[in-house]
file start_28.pdb (PDB, C-alpha atoms and all ligand atoms)
MODEL        1
ATOM      1  CA  MET A   1     -70.425  87.876 -50.864  1.00  0.00           C
ATOM      2  CA  PRO A   2     -70.392  86.169 -47.436  1.00  0.00           C
ATOM      3  CA  VAL A   3     -73.951  84.962 -48.160  1.00  0.00           C
ATOM      4  CA  VAL A   4     -72.752  83.239 -51.348  1.00  0.00           C
ATOM      5  CA  ASN A   5     -69.893  81.594 -49.453  1.00  0.00           C
ATOM      6  CA  LEU A   6     -72.208  80.342 -46.738  1.00  0.00           C
ATOM      7  CA  SER A   7     -74.652  78.827 -49.195  1.00  0.00           C
ATOM      8  CA  LEU A   8     -71.790  77.092 -50.982  1.00  0.00           C
ATOM      9  CA  VAL A   9     -70.696  75.529 -47.701  1.00  0.00           C
ATOM     10  CA  ALA A  10     -74.269  74.453 -47.008  1.00  0.00           C
ATOM     11  CA  LEU A  11     -74.578  72.900 -50.461  1.00  0.00           C
ATOM     12  CA  ARG A  12     -71.354  70.998 -50.077  1.00  0.00           C
ATOM     13  CA  THR A  13     -72.445  69.698 -46.679  1.00  0.00           C
ATOM     14  CA  LEU A  14     -75.790  68.610 -48.045  1.00  0.00           C
ATOM     15  CA  SER A  15     -74.277  66.815 -51.009  1.00  0.00           C
ATOM     16  CA  LYS A  16     -71.957  64.744 -48.776  1.00  0.00           C
ATOM     17  CA  ASN A  17     -73.253  61.343 -47.768  1.00  0.00           C
ATOM     18  CA  THR A  18     -72.830  61.991 -44.068  1.00  0.00           C
ATOM     19  CA  ASN A  19     -74.613  60.379 -41.169  1.00  0.00           C
ATOM     20  CA  PRO A  20     -75.092  61.762 -37.665  1.00  0.00           C
ATOM     21  CA  LYS A  21     -73.491  58.593 -36.301  1.00  0.00           C
ATOM     22  CA  MET A  22     -70.753  57.667 -38.704  1.00  0.00           C
ATOM     23  CA  MET A  23     -69.649  54.285 -39.921  1.00  0.00           C
ATOM     24  CA  THR A  24     -66.101  53.282 -38.980  1.00  0.00           C
ATOM     25  CA  LEU A  25     -63.599  51.663 -41.286  1.00  0.00           C
ATOM     26  CA  HIS A  26     -61.118  49.457 -39.437  1.00  0.00           C
ATOM     27  CA  GLY A  27     -58.147  49.273 -41.777  1.00  0.00           C
ATOM     28  CA  TYR A  28     -54.462  49.723 -42.362  1.00  0.00           C
ATOM     29  CA  TRP A  29     -52.826  52.213 -44.714  1.00  0.00           C
ATOM     30  CA  ARG A  30     -50.892  49.627 -46.725  1.00  0.00           C
ATOM     31  CA  SER A  31     -53.617  47.003 -46.827  1.00  0.00           C
ATOM     32  CA  SER A  32     -54.793  46.733 -50.428  1.00  0.00           C
ATOM     33  CA  ALA A  33     -58.175  45.367 -49.322  1.00  0.00           C
ATOM     34  CA  SER A  34     -58.670  48.424 -47.058  1.00  0.00           C
ATOM     35  CA  TYR A  35     -57.536  50.631 -49.939  1.00  0.00           C
ATOM     36  CA  ARG A  36     -60.275  49.121 -52.178  1.00  0.00           C
ATOM     37  CA  VAL A  37     -62.931  50.100 -49.667  1.00  0.00           C
ATOM     38  CA  ARG A  38     -61.462  53.585 -49.181  1.00  0.00           C
ATOM     39  CA  ILE A  39     -61.750  54.201 -52.929  1.00  0.00           C
ATOM     40  CA  ALA A  40     -65.346  52.924 -53.037  1.00  0.00           C
ATOM     41  CA  LEU A  41     -66.339  55.205 -50.145  1.00  0.00           C
ATOM     42  CA  ALA A  42     -64.553  58.178 -51.716  1.00  0.00           C
ATOM     43  CA  LEU A  43     -66.219  57.595 -55.103  1.00  0.00           C
ATOM     44  CA  LYS A  44     -69.581  57.685 -53.303  1.00  0.00           C
ATOM     45  CA  ASN A  45     -68.535  60.709 -51.254  1.00  0.00           C
ATOM     46  CA  VAL A  46     -69.353  58.821 -48.045  1.00  0.00           C
ATOM     47  CA  GLU A  47     -67.548  60.011 -44.939  1.00  0.00           C
ATOM     48  CA  VAL A  48     -66.477  57.438 -42.352  1.00  0.00           C
ATOM     49  CA  ALA A  49     -64.400  57.460 -39.197  1.00  0.00           C
ATOM     50  CA  HIS A  50     -61.156  55.495 -39.350  1.00  0.00           C
ATOM     51  CA  LYS A  51     -59.685  53.120 -36.796  1.00  0.00           C
ATOM     52  CA  PHE A  52     -56.262  51.779 -37.519  1.00  0.00           C
ATOM     53  CA  VAL A  53     -55.186  48.184 -37.080  1.00  0.00           C
ATOM     54  CA  ASN A  54     -51.407  47.992 -37.299  1.00  0.00           C
ATOM     55  CA  LEU A  55     -50.704  44.826 -39.291  1.00  0.00           C
ATOM     56  CA  LYS A  56     -46.970  45.269 -38.839  1.00  0.00           C
ATOM     57  CA  THR A  57     -47.206  44.939 -35.063  1.00  0.00           C
ATOM     58  CA  GLY A  58     -49.823  42.184 -35.341  1.00  0.00           C
ATOM     59  CA  GLN A  59     -52.842  44.073 -33.961  1.00  0.00           C
ATOM     60  CA  GLN A  60     -55.094  42.014 -36.249  1.00  0.00           C
ATOM     61  CA  LEU A  61     -54.309  39.036 -33.995  1.00  0.00           C
ATOM     62  CA  ASN A  62     -55.469  40.762 -30.805  1.00  0.00           C
ATOM     63  CA  ALA A  63     -58.620  39.760 -28.974  1.00  0.00           C
ATOM     64  CA  ALA A  64     -60.034  43.244 -29.620  1.00  0.00           C
ATOM     65  CA  HIS A  65     -59.876  42.670 -33.371  1.00  0.00           C
ATOM     66  CA  ALA A  66     -61.213  39.117 -33.074  1.00  0.00           C
ATOM     67  CA  GLY A  67     -64.309  40.709 -31.534  1.00  0.00           C
ATOM     68  CA  LEU A  68     -64.838  42.604 -34.781  1.00  0.00           C
ATOM     69  CA  ASN A  69     -63.839  39.877 -37.217  1.00  0.00           C
ATOM     70  CA  PRO A  70     -63.127  36.222 -36.355  1.00  0.00           C
ATOM     71  CA  GLN A  71     -60.809  36.168 -39.381  1.00  0.00           C
ATOM     72  CA  PRO A  72     -57.704  38.185 -38.402  1.00  0.00           C
ATOM     73  CA  TYR A  73     -57.931  40.497 -41.413  1.00  0.00           C
ATOM     74  CA  VAL A  74     -58.809  44.049 -42.304  1.00  0.00           C
ATOM     75  CA  PRO A  75     -60.904  45.754 -43.549  1.00  0.00           C
ATOM     76  CA  VAL A  76     -63.974  45.732 -41.342  1.00  0.00           C
ATOM     77  CA  LEU A  77     -66.726  48.284 -41.883  1.00  0.00           C
ATOM     78  CA  GLU A  78     -68.587  48.961 -38.657  1.00  0.00           C
ATOM     79  CA  LEU A  79     -72.054  50.279 -39.404  1.00  0.00           C
ATOM     80  CA  GLU A  80     -73.872  52.898 -37.336  1.00  0.00           C
ATOM     81  CA  ASP A  81     -75.805  50.200 -35.425  1.00  0.00           C
ATOM     82  CA  GLY A  82     -72.672  48.179 -34.606  1.00  0.00           C
ATOM     83  CA  THR A  83     -73.030  45.619 -37.409  1.00  0.00           C
ATOM     84  CA  MET A  84     -69.606  44.492 -38.643  1.00  0.00           C
ATOM     85  CA  LEU A  85     -69.157  43.942 -42.371  1.00  0.00           C
ATOM     86  CA  THR A  86     -66.106  42.040 -43.583  1.00  0.00           C
ATOM     87  CA  GLN A  87     -64.502  41.092 -46.922  1.00  0.00           C
ATOM     88  CA  SER A  88     -63.677  44.105 -49.080  1.00  0.00           C
ATOM     89  CA  LEU A  89     -65.786  43.102 -52.096  1.00  0.00           C
ATOM     90  CA  ALA A  90     -68.808  42.403 -49.916  1.00  0.00           C
ATOM     91  CA  ILE A  91     -68.293  45.775 -48.221  1.00  0.00           C
ATOM     92  CA  MET A  92     -68.057  47.503 -51.610  1.00  0.00           C
ATOM     93  CA  ASP A  93     -71.262  45.745 -52.639  1.00  0.00           C
ATOM     94  CA  TYR A  94     -72.971  47.013 -49.476  1.00  0.00           C
ATOM     95  CA  VAL A  95     -71.758  50.564 -50.121  1.00  0.00           C
ATOM     96  CA  ASP A  96     -72.971  50.357 -53.726  1.00  0.00           C
ATOM     97  CA  ALA A  97     -76.381  49.073 -52.694  1.00  0.00           C
ATOM     98  CA  THR A  98     -76.784  51.667 -49.945  1.00  0.00           C
ATOM     99  CA  TYR A  99     -75.484  54.774 -51.701  1.00  0.00           C
ATOM    100  CA  ARG A 100     -76.779  54.456 -55.242  1.00  0.00           C
ATOM    101  CA  GLU A 101     -74.902  57.222 -57.052  1.00  0.00           C
ATOM    102  CA  PRO A 102     -72.516  57.010 -58.753  1.00  0.00           C
ATOM    103  CA  ALA A 103     -73.064  53.290 -59.350  1.00  0.00           C
ATOM    104  CA  LEU A 104     -69.931  51.178 -58.924  1.00  0.00           C
ATOM    105  CA  MET A 105     -71.425  48.359 -60.970  1.00  0.00           C
ATOM    106  CA  PRO A 106     -73.346  48.610 -64.253  1.00  0.00           C
ATOM    107  CA  ARG A 107     -76.912  47.270 -64.261  1.00  0.00           C
ATOM    108  CA  GLU A 108     -76.495  45.247 -67.444  1.00  0.00           C
ATOM    109  CA  ALA A 109     -76.064  41.647 -66.303  1.00  0.00           C
ATOM    110  CA  ILE A 110     -73.348  40.459 -68.689  1.00  0.00           C
ATOM    111  CA  LEU A 111     -71.145  43.516 -68.230  1.00  0.00           C
ATOM    112  CA  ARG A 112     -71.690  43.277 -64.496  1.00  0.00           C
ATOM    113  CA  SER A 113     -70.601  39.639 -64.484  1.00  0.00           C
ATOM    114  CA  LYS A 114     -67.492  40.438 -66.525  1.00  0.00           C
ATOM    115  CA  ILE A 115     -66.502  43.272 -64.199  1.00  0.00           C
ATOM    116  CA  LEU A 116     -67.017  41.052 -61.162  1.00  0.00           C
ATOM    117  CA  ALA A 117     -64.941  38.287 -62.796  1.00  0.00           C
ATOM    118  CA  ALA A 118     -62.074  40.707 -63.447  1.00  0.00           C
ATOM    119  CA  SER A 119     -62.303  42.040 -59.897  1.00  0.00           C
ATOM    120  CA  LEU A 120     -62.097  38.477 -58.598  1.00  0.00           C
ATOM    121  CA  ILE A 121     -58.913  37.841 -60.590  1.00  0.00           C
ATOM    122  CA  ILE A 122     -57.359  40.412 -58.278  1.00  0.00           C
ATOM    123  CA  ALA A 123     -59.278  39.789 -55.068  1.00  0.00           C
ATOM    124  CA  SER A 124     -59.407  35.965 -55.206  1.00  0.00           C
ATOM    125  CA  ASP A 125     -56.553  34.833 -57.392  1.00  0.00           C
ATOM    126  CA  VAL A 126     -53.737  37.351 -56.921  1.00  0.00           C
ATOM    127  CA  ALA A 127     -53.967  39.278 -53.643  1.00  0.00           C
ATOM    128  CA  PRO A 128     -54.658  36.411 -51.182  1.00  0.00           C
ATOM    129  CA  ILE A 129     -51.493  34.502 -52.029  1.00  0.00           C
ATOM    130  CA  ALA A 130     -49.362  37.543 -51.236  1.00  0.00           C
ATOM    131  CA  ASN A 131     -51.096  38.207 -47.934  1.00  0.00           C
ATOM    132  CA  LEU A 132     -48.874  38.974 -44.957  1.00  0.00           C
ATOM    133  CA  SER A 133     -49.809  35.721 -43.182  1.00  0.00           C
ATOM    134  CA  VAL A 134     -49.123  33.676 -46.346  1.00  0.00           C
ATOM    135  CA  LEU A 135     -45.704  35.307 -46.791  1.00  0.00           C
ATOM    136  CA  LYS A 136     -44.874  34.701 -43.135  1.00  0.00           C
ATOM    137  CA  TYR A 137     -45.818  31.048 -43.601  1.00  0.00           C
ATOM    138  CA  LEU A 138     -43.609  30.769 -46.706  1.00  0.00           C
ATOM    139  CA  ARG A 139     -40.720  32.154 -44.675  1.00  0.00           C
ATOM    140  CA  ALA A 140     -41.294  30.078 -41.545  1.00  0.00           C
ATOM    141  CA  GLU A 141     -42.368  26.731 -43.021  1.00  0.00           C
ATOM    142  CA  PHE A 142     -40.683  26.718 -46.425  1.00  0.00           C
ATOM    143  CA  GLY A 143     -37.470  28.569 -45.593  1.00  0.00           C
ATOM    144  CA  GLN A 144     -37.941  31.391 -48.087  1.00  0.00           C
ATOM    145  CA  GLU A 145     -35.790  34.526 -47.764  1.00  0.00           C
ATOM    146  CA  ASP A 146     -36.506  37.997 -49.168  1.00  0.00           C
ATOM    147  CA  GLU A 147     -35.509  36.957 -52.701  1.00  0.00           C
ATOM    148  CA  GLY A 148     -37.872  34.000 -52.833  1.00  0.00           C
ATOM    149  CA  ILE A 149     -40.702  36.028 -51.317  1.00  0.00           C
ATOM    150  CA  HIS A 150     -40.180  38.809 -53.836  1.00  0.00           C
ATOM    151  CA  ALA A 151     -40.159  36.355 -56.762  1.00  0.00           C
ATOM    152  CA  TRP A 152     -43.365  34.758 -55.433  1.00  0.00           C
ATOM    153  CA  ILE A 153     -45.209  38.069 -55.151  1.00  0.00           C
ATOM    154  CA  THR A 154     -44.205  39.430 -58.562  1.00  0.00           C
ATOM    155  CA  HIS A 155     -44.893  36.095 -60.300  1.00  0.00           C
ATOM    156  CA  TRP A 156     -48.528  35.996 -59.189  1.00  0.00           C
ATOM    157  CA  ILE A 157     -49.170  39.681 -59.801  1.00  0.00           C
ATOM    158  CA  GLU A 158     -47.794  39.406 -63.343  1.00  0.00           C
ATOM    159  CA  LYS A 159     -49.834  36.287 -64.054  1.00  0.00           C
ATOM    160  CA  GLY A 160     -53.032  38.086 -63.045  1.00  0.00           C
ATOM    161  CA  PHE A 161     -52.122  41.267 -64.912  1.00  0.00           C
ATOM    162  CA  ILE A 162     -51.320  39.371 -68.138  1.00  0.00           C
ATOM    163  CA  ALA A 163     -54.903  38.080 -68.223  1.00  0.00           C
ATOM    164  CA  LEU A 164     -56.410  41.439 -67.233  1.00  0.00           C
ATOM    165  CA  GLU A 165     -54.413  43.317 -69.882  1.00  0.00           C
ATOM    166  CA  VAL A 166     -55.734  40.971 -72.608  1.00  0.00           C
ATOM    167  CA  ILE A 167     -59.311  41.568 -71.444  1.00  0.00           C
ATOM    168  CA  ALA A 168     -58.862  45.340 -71.029  1.00  0.00           C
ATOM    169  CA  GLN A 169     -57.381  45.708 -74.531  1.00  0.00           C
ATOM    170  CA  LYS A 170     -60.646  44.470 -76.043  1.00  0.00           C
ATOM    171  CA  TYR A 171     -62.540  47.552 -74.892  1.00  0.00           C
ATOM    172  CA  ASP A 172     -62.092  51.004 -76.328  1.00  0.00           C
ATOM    173  CA  THR A 173     -63.090  52.719 -73.094  1.00  0.00           C
ATOM    174  CA  PRO A 174     -61.029  54.967 -70.811  1.00  0.00           C
ATOM    175  CA  PHE A 175     -61.645  52.675 -67.835  1.00  0.00           C
ATOM    176  CA  PHE A 176     -62.086  48.902 -67.638  1.00  0.00           C
ATOM    177  CA  MET A 177     -65.040  48.199 -69.989  1.00  0.00           C
ATOM    178  CA  THR A 178     -66.645  51.459 -68.852  1.00  0.00           C
ATOM    179  CA  ASP A 179     -66.516  55.221 -69.226  1.00  0.00           C
ATOM    180  CA  ALA A 180     -66.234  55.848 -65.484  1.00  0.00           C
ATOM    181  CA  PRO A 181     -64.250  54.156 -62.717  1.00  0.00           C
ATOM    182  CA  GLY A 182     -66.114  51.706 -60.509  1.00  0.00           C
ATOM    183  CA  PHE A 183     -65.926  48.319 -58.828  1.00  0.00           C
ATOM    184  CA  PHE A 184     -63.010  46.974 -60.853  1.00  0.00           C
ATOM    185  CA  GLU A 185     -60.899  50.116 -60.499  1.00  0.00           C
ATOM    186  CA  CYS A 186     -61.355  49.888 -56.707  1.00  0.00           C
ATOM    187  CA  CYS A 187     -59.509  46.546 -56.972  1.00  0.00           C
ATOM    188  CA  LEU A 188     -57.024  47.380 -59.725  1.00  0.00           C
ATOM    189  CA  ILE A 189     -55.487  50.575 -58.395  1.00  0.00           C
ATOM    190  CA  PRO A 190     -54.412  49.061 -55.022  1.00  0.00           C
ATOM    191  CA  GLN A 191     -52.999  46.037 -56.848  1.00  0.00           C
ATOM    192  CA  ILE A 192     -50.959  48.292 -59.161  1.00  0.00           C
ATOM    193  CA  TYR A 193     -49.769  50.193 -56.080  1.00  0.00           C
ATOM    194  CA  ASN A 194     -48.458  46.866 -54.744  1.00  0.00           C
ATOM    195  CA  ALA A 195     -46.998  45.913 -58.119  1.00  0.00           C
ATOM    196  CA  ASN A 196     -45.009  49.168 -58.172  1.00  0.00           C
ATOM    197  CA  ARG A 197     -43.930  48.594 -54.608  1.00  0.00           C
ATOM    198  CA  PHE A 198     -42.466  45.226 -55.568  1.00  0.00           C
ATOM    199  CA  GLY A 199     -40.893  46.462 -58.805  1.00  0.00           C
ATOM    200  CA  VAL A 200     -43.191  44.823 -61.378  1.00  0.00           C
ATOM    201  CA  ASP A 201     -42.463  46.408 -64.754  1.00  0.00           C
ATOM    202  CA  MET A 202     -45.835  47.986 -65.546  1.00  0.00           C
ATOM    203  CA  ARG A 203     -44.714  48.815 -69.120  1.00  0.00           C
ATOM    204  CA  GLN A 204     -45.865  45.272 -69.927  1.00  0.00           C
ATOM    205  CA  PHE A 205     -49.407  46.395 -69.182  1.00  0.00           C
ATOM    206  CA  PRO A 206     -50.129  49.618 -71.107  1.00  0.00           C
ATOM    207  CA  LYS A 207     -53.932  49.573 -70.833  1.00  0.00           C
ATOM    208  CA  LEU A 208     -53.904  48.806 -67.107  1.00  0.00           C
ATOM    209  CA  SER A 209     -51.325  51.587 -66.675  1.00  0.00           C
ATOM    210  CA  ALA A 210     -53.522  54.035 -68.604  1.00  0.00           C
ATOM    211  CA  ILE A 211     -56.490  53.179 -66.362  1.00  0.00           C
ATOM    212  CA  ASN A 212     -54.269  53.674 -63.310  1.00  0.00           C
ATOM    213  CA  LYS A 213     -53.156  57.077 -64.574  1.00  0.00           C
ATOM    214  CA  ALA A 214     -56.737  58.189 -65.301  1.00  0.00           C
ATOM    215  CA  CYS A 215     -57.866  57.072 -61.833  1.00  0.00           C
ATOM    216  CA  LEU A 216     -54.996  58.705 -59.974  1.00  0.00           C
ATOM    217  CA  ALA A 217     -55.874  62.027 -61.600  1.00  0.00           C
ATOM    218  CA  LEU A 218     -59.173  61.945 -59.654  1.00  0.00           C
ATOM    219  CA  SER A 219     -59.427  63.360 -56.125  1.00  0.00           C
ATOM    220  CA  SER A 220     -61.411  60.339 -54.863  1.00  0.00           C
ATOM    221  CA  PHE A 221     -58.511  58.053 -55.722  1.00  0.00           C
ATOM    222  CA  GLN A 222     -55.934  60.492 -54.367  1.00  0.00           C
ATOM    223  CA  SER A 223     -57.641  60.752 -50.983  1.00  0.00           C
ATOM    224  CA  ALA A 224     -57.598  56.939 -50.700  1.00  0.00           C
ATOM    225  CA  LEU A 225     -53.869  56.593 -51.406  1.00  0.00           C
ATOM    226  CA  PRO A 226     -51.971  54.721 -48.670  1.00  0.00           C
ATOM    227  CA  GLU A 227     -49.577  57.618 -48.052  1.00  0.00           C
ATOM    228  CA  ASN A 228     -52.522  59.976 -47.480  1.00  0.00           C
ATOM    229  CA  GLN A 229     -53.825  57.954 -44.510  1.00  0.00           C
ATOM    230  CA  LYS A 230     -53.252  59.119 -40.955  1.00  0.00           C
ATOM    231  CA  ASP A 231     -51.551  55.852 -39.932  1.00  0.00           C
ATOM    232  CA  ALA A 232     -49.086  55.926 -42.855  1.00  0.00           C
ATOM    233  CA  VAL A 233     -45.441  55.718 -41.823  1.00  0.00           C
TER     234      VAL A 233
HETATM  235  N1  LIG A 301     -60.430  38.597 -48.842  1.00  0.00           N
HETATM  236  C1  LIG A 301     -60.213  39.597 -47.840  1.00  0.00           C
HETATM  237  C2  LIG A 301     -58.739  39.743 -47.642  1.00  0.00           C
HETATM  238  C3  LIG A 301     -58.390  40.701 -46.553  1.00  0.00           C
HETATM  239  C4  LIG A 301     -56.900  40.723 -46.356  1.00  0.00           C
HETATM  240  O1  LIG A 301     -56.161  39.950 -46.953  1.00  0.00           O
HETATM  241  N2  LIG A 301     -56.437  41.626 -45.514  1.00  0.00           N
HETATM  242  C5  LIG A 301     -55.040  41.706 -45.263  1.00  0.00           C
HETATM  243  C6  LIG A 301     -54.520  43.087 -45.564  1.00  0.00           C
HETATM  244  S1  LIG A 301     -54.714  43.463 -47.284  1.00  0.00           S
HETATM  245  C7  LIG A 301     -54.791  41.406 -43.800  1.00  0.00           C
HETATM  246  O2  LIG A 301     -55.541  41.838 -42.949  1.00  0.00           O
HETATM  247  N3  LIG A 301     -53.719  40.660 -43.523  1.00  0.00           N
HETATM  248  C8  LIG A 301     -53.323  40.339 -42.200  1.00  0.00           C
HETATM  249  C9  LIG A 301     -52.502  39.092 -42.146  1.00  0.00           C
HETATM  250  O3  LIG A 301     -52.266  38.471 -43.171  1.00  0.00           O
HETATM  251  O4  LIG A 301     -52.100  38.758 -41.046  1.00  0.00           O
HETATM  252  C10 LIG A 301     -60.838  40.931 -48.293  1.00  0.00           C
HETATM  253  O5  LIG A 301     -60.941  41.160 -49.495  1.00  0.00           O
HETATM  254  O6  LIG A 301     -61.234  41.717 -47.415  1.00  0.00           O
ENDMDL
END
call {"tool": "encode", "arguments": {"input": "start_28.pdb", "output": "structure tokens", "more": "lines below"}}
Ligand SMILES: N[C@@H](CCC(=O)N[C@@H](CS)C(=O)NCC(=O)O)C(=O)O
result
Amino acid sequence: MPVVNLSLVALRTLSKNTNPKMMTLHGYWRSSASYRVRIALALKNVEVAHKFVNLKTGQQLNAAHAGLNPQPYVPVLELEDGTMLTQSLAIMDYVDATYREPALMPREAILRSKILAASLIIASDVAPIANLSVLKYLRAEFGQEDEGIHAWITHWIEKGFIALEVIAQKYDTPFFMTDAPGFFECCLIPQIYNANRFGVDMRQFPKLSAINKACLALSSFQSALPENQKDAV
């Protein structure tokens, strides 16, 4: 019996995408862009070390962080040789190109383009305008209070989700245009997490909600949840 147990441990260790010198993800538990990368790494079963940048206390503005990324944002993926990769979608693309299985993106060019377009609705059109620095600017320069900020955030999330729901409804697949979660789900699930946080009524978006439910049933998505990170408060 002990022999069987040992070989199981060995198999598990072998099947993990580990490296003697690990990559490091510089992120923050509640950052949706960091959350995207955590999901991508978990789907690929790639282990990384984590360094936490506390956005609430403004650590992203410190000189130490500027040395990693001239743009005061997380995430940053530090490779084994010290190379710093920035921008969550570019990091996910790197992870997908480096660790081939399971593929985050389909090979077929049209489907690939459509999945990238949908991912960009979230990553380019929705998330950036609710970024911490943008909200701070709205408060400081345009006199917005909590109510105005809340209305701003939910307005832009709903606008993006209305378009995504229409697209998602066209495909009779359990995930977004596919039978397995991938690149788009890495973007969607963090955005739905934010939507719930800000009280967006997700009943308006049944297909997106079904995809969210299917993803959150998977251990790779559970391990990436904000509340399961060591810096979560
Ligand atoms: N386009 C960037 C956006 C990164 C980003 O917005 N990061 C946020 C957290 S989700 C951040 O670091 N915000 C700090 C700030 O606004 O001061 C990406 O996808 O990586």
call {"tool": "atom_distance", "arguments": {"input": "start_28.pdb", "atom1": "atom CA of A:Ala66", "atom2": "atom CA of A:Ser32"}}
result
20.0 Å
call {"tool": "atom_distance", "arguments": {"input": "start_28.pdb", "atom1": "atom CA of A:Val134", "atom2": "atom CA of A:Leu55"}}
result
13.3 Å
call {"tool": "residues_around", "arguments": {"input": "start_28.pdb", "residues": "A:Ala103", "least_positions_apart": "3", "cutoff": "9 Å", "atoms": "all atoms listed in the file", "output": "list in words"}}
result
Lys44, Asp96, Ala97, Tyr99, Arg100, Pro106, Arg107, Gly182 and Phe183 of chain A
call {"tool": "residues_near_ligand", "arguments": {"input": "start_28.pdb", "ligand": "ligand LIG 301 (chain A)", "cutoff": "10 Å", "atoms": "only C-alpha atoms and all ligand atoms", "output": "PDB file with C-alpha atoms, keeping the file's coordinate frame"}}
result
ATOM      1  CA  GLY A  27     -58.147  49.273 -41.777  1.00  0.00           C
ATOM      2  CA  TYR A  28     -54.462  49.723 -42.362  1.00  0.00           C
ATOM      3  CA  TRP A  29     -52.826  52.213 -44.714  1.00  0.00           C
ATOM      4  CA  ARG A  30     -50.892  49.627 -46.725  1.00  0.00           C
ATOM      5  CA  SER A  31     -53.617  47.003 -46.827  1.00  0.00           C
ATOM      6  CA  SER A  32     -54.793  46.733 -50.428  1.00  0.00           C
ATOM      7  CA  ALA A  33     -58.175  45.367 -49.322  1.00  0.00           C
ATOM      8  CA  SER A  34     -58.670  48.424 -47.058  1.00  0.00           C
ATOM      9  CA  TYR A  35     -57.536  50.631 -49.939  1.00  0.00           C
ATOM     10  CA  ARG A  36     -60.275  49.121 -52.178  1.00  0.00           C
ATOM     11  CA  VAL A  37     -62.931  50.100 -49.667  1.00  0.00           C
ATOM     12  CA  VAL A  53     -55.186  48.184 -37.080  1.00  0.00           C
ATOM     13  CA  ASN A  54     -51.407  47.992 -37.299  1.00  0.00           C
ATOM     14  CA  LEU A  55     -50.704  44.826 -39.291  1.00  0.00           C
ATOM     15  CA  LYS A  56     -46.970  45.269 -38.839  1.00  0.00           C
ATOM     16  CA  THR A  57     -47.206  44.939 -35.063  1.00  0.00           C
ATOM     17  CA  GLY A  58     -49.823  42.184 -35.341  1.00  0.00           C
ATOM     18  CA  GLN A  59     -52.842  44.073 -33.961  1.00  0.00           C
ATOM     19  CA  GLN A  60     -55.094  42.014 -36.249  1.00  0.00           C
ATOM     20  CA  LEU A  61     -54.309  39.036 -33.995  1.00  0.00           C
ATOM     21  CA  GLN A  71     -60.809  36.168 -39.381  1.00  0.00           C
ATOM     22  CA  PRO A  72     -57.704  38.185 -38.402  1.00  0.00           C
ATOM     23  CA  TYR A  73     -57.931  40.497 -41.413  1.00  0.00           C
ATOM     24  CA  VAL A  74     -58.809  44.049 -42.304  1.00  0.00           C
ATOM     25  CA  PRO A  75     -60.904  45.754 -43.549  1.00  0.00           C
ATOM     26  CA  VAL A  76     -63.974  45.732 -41.342  1.00  0.00           C
ATOM     27  CA  LEU A  85     -69.157  43.942 -42.371  1.00  0.00           C
ATOM     28  CA  THR A  86     -66.106  42.040 -43.583  1.00  0.00           C
ATOM     29  CA  GLN A  87     -64.502  41.092 -46.922  1.00  0.00           C
ATOM     30  CA  SER A  88     -63.677  44.105 -49.080  1.00  0.00           C
ATOM     31  CA  LEU A  89     -65.786  43.102 -52.096  1.00  0.00           C
ATOM     32  CA  ALA A  90     -68.808  42.403 -49.916  1.00  0.00           C
ATOM     33  CA  ILE A  91     -68.293  45.775 -48.221  1.00  0.00           C
ATOM     34  CA  MET A  92     -68.057  47.503 -51.610  1.00  0.00           C
ATOM     35  CA  LEU A 120     -62.097  38.477 -58.598  1.00  0.00           C
ATOM     36  CA  ILE A 122     -57.359  40.412 -58.278  1.00  0.00           C
ATOM     37  CA  ALA A 123     -59.278  39.789 -55.068  1.00  0.00           C
ATOM     38  CA  SER A 124     -59.407  35.965 -55.206  1.00  0.00           C
ATOM     39  CA  ALA A 127     -53.967  39.278 -53.643  1.00  0.00           C
ATOM     40  CA  PRO A 128     -54.658  36.411 -51.182  1.00  0.00           C
ATOM     41  CA  ILE A 129     -51.493  34.502 -52.029  1.00  0.00           C
ATOM     42  CA  ALA A 130     -49.362  37.543 -51.236  1.00  0.00           C
ATOM     43  CA  ASN A 131     -51.096  38.207 -47.934  1.00  0.00           C
ATOM     44  CA  LEU A 132     -48.874  38.974 -44.957  1.00  0.00           C
ATOM     45  CA  SER A 133     -49.809  35.721 -43.182  1.00  0.00           C
ATOM     46  CA  VAL A 134     -49.123  33.676 -46.346  1.00  0.00           C
ATOM     47  CA  LEU A 135     -45.704  35.307 -46.791  1.00  0.00           C
ATOM     48  CA  LYS A 136     -44.874  34.701 -43.135  1.00  0.00           C
ATOM     49  CA  TYR A 137     -45.818  31.048 -43.601  1.00  0.00           C
ATOM     50  CA  CYS A 187     -59.509  46.546 -56.972  1.00  0.00           C
ATOM     51  CA  PRO A 190     -54.412  49.061 -55.022  1.00  0.00           C
TER      52      PRO A 190
END
call {"tool": "atom_distance", "arguments": {"input": "start_28.pdb", "atom1": "atom CA of A:Lys159", "atom2": "atom CA of A:Glu145"}}
result
21.6 Å
call {"tool": "closest_residue", "arguments": {"input": "start_28.pdb", "among": "A:Ile39, A:Val166, A:Met105, A:Ala117", "to": "A:Cys215", "atoms": "all atoms listed in the file"}}
result
A:Ile39
call {"tool": "residues_around", "arguments": {"input": "start_28.pdb", "residues": "A:Ser223", "least_positions_apart": "4", "cutoff": "10 Å", "atoms": "all atoms listed in the file", "output": "ChimeraX atom specification"}}
result
/A:38-39,42,216,218-219,227-229
call {"tool": "closest_residue", "arguments": {"input": "start_28.pdb", "among": "A:Ile157, A:Leu164, A:Ile149, A:Ala64", "to": "A:Phe184", "atoms": "only C-alpha atoms"}}
result
A:Leu164
call {"tool": "decode", "arguments": {"input": "start_28.pdb", "residues": "stretch 94-102 of chain A", "atoms": "C-alpha atoms", "output": "compact mmCIF listing (two decimals), in the first residue's frame"}}
result
# COMPACT_ATOMS: atom_id res chain seq x y z
CA TYR A 94 2.65 33.94 -22.79
CA VAL A 95 1.39 31.22 -20.44
CA ASP A 96 -0.66 29.69 -23.25
CA ALA A 97 2.28 29.70 -25.64
CA THR A 98 4.68 28.26 -23.06
CA TYR A 99 2.49 25.59 -21.47
CA ARG A 100 0.55 24.13 -24.37
CA GLU A 101 -2.04 21.96 -22.61
CA PRO A 102 -4.86 22.57 -22.06
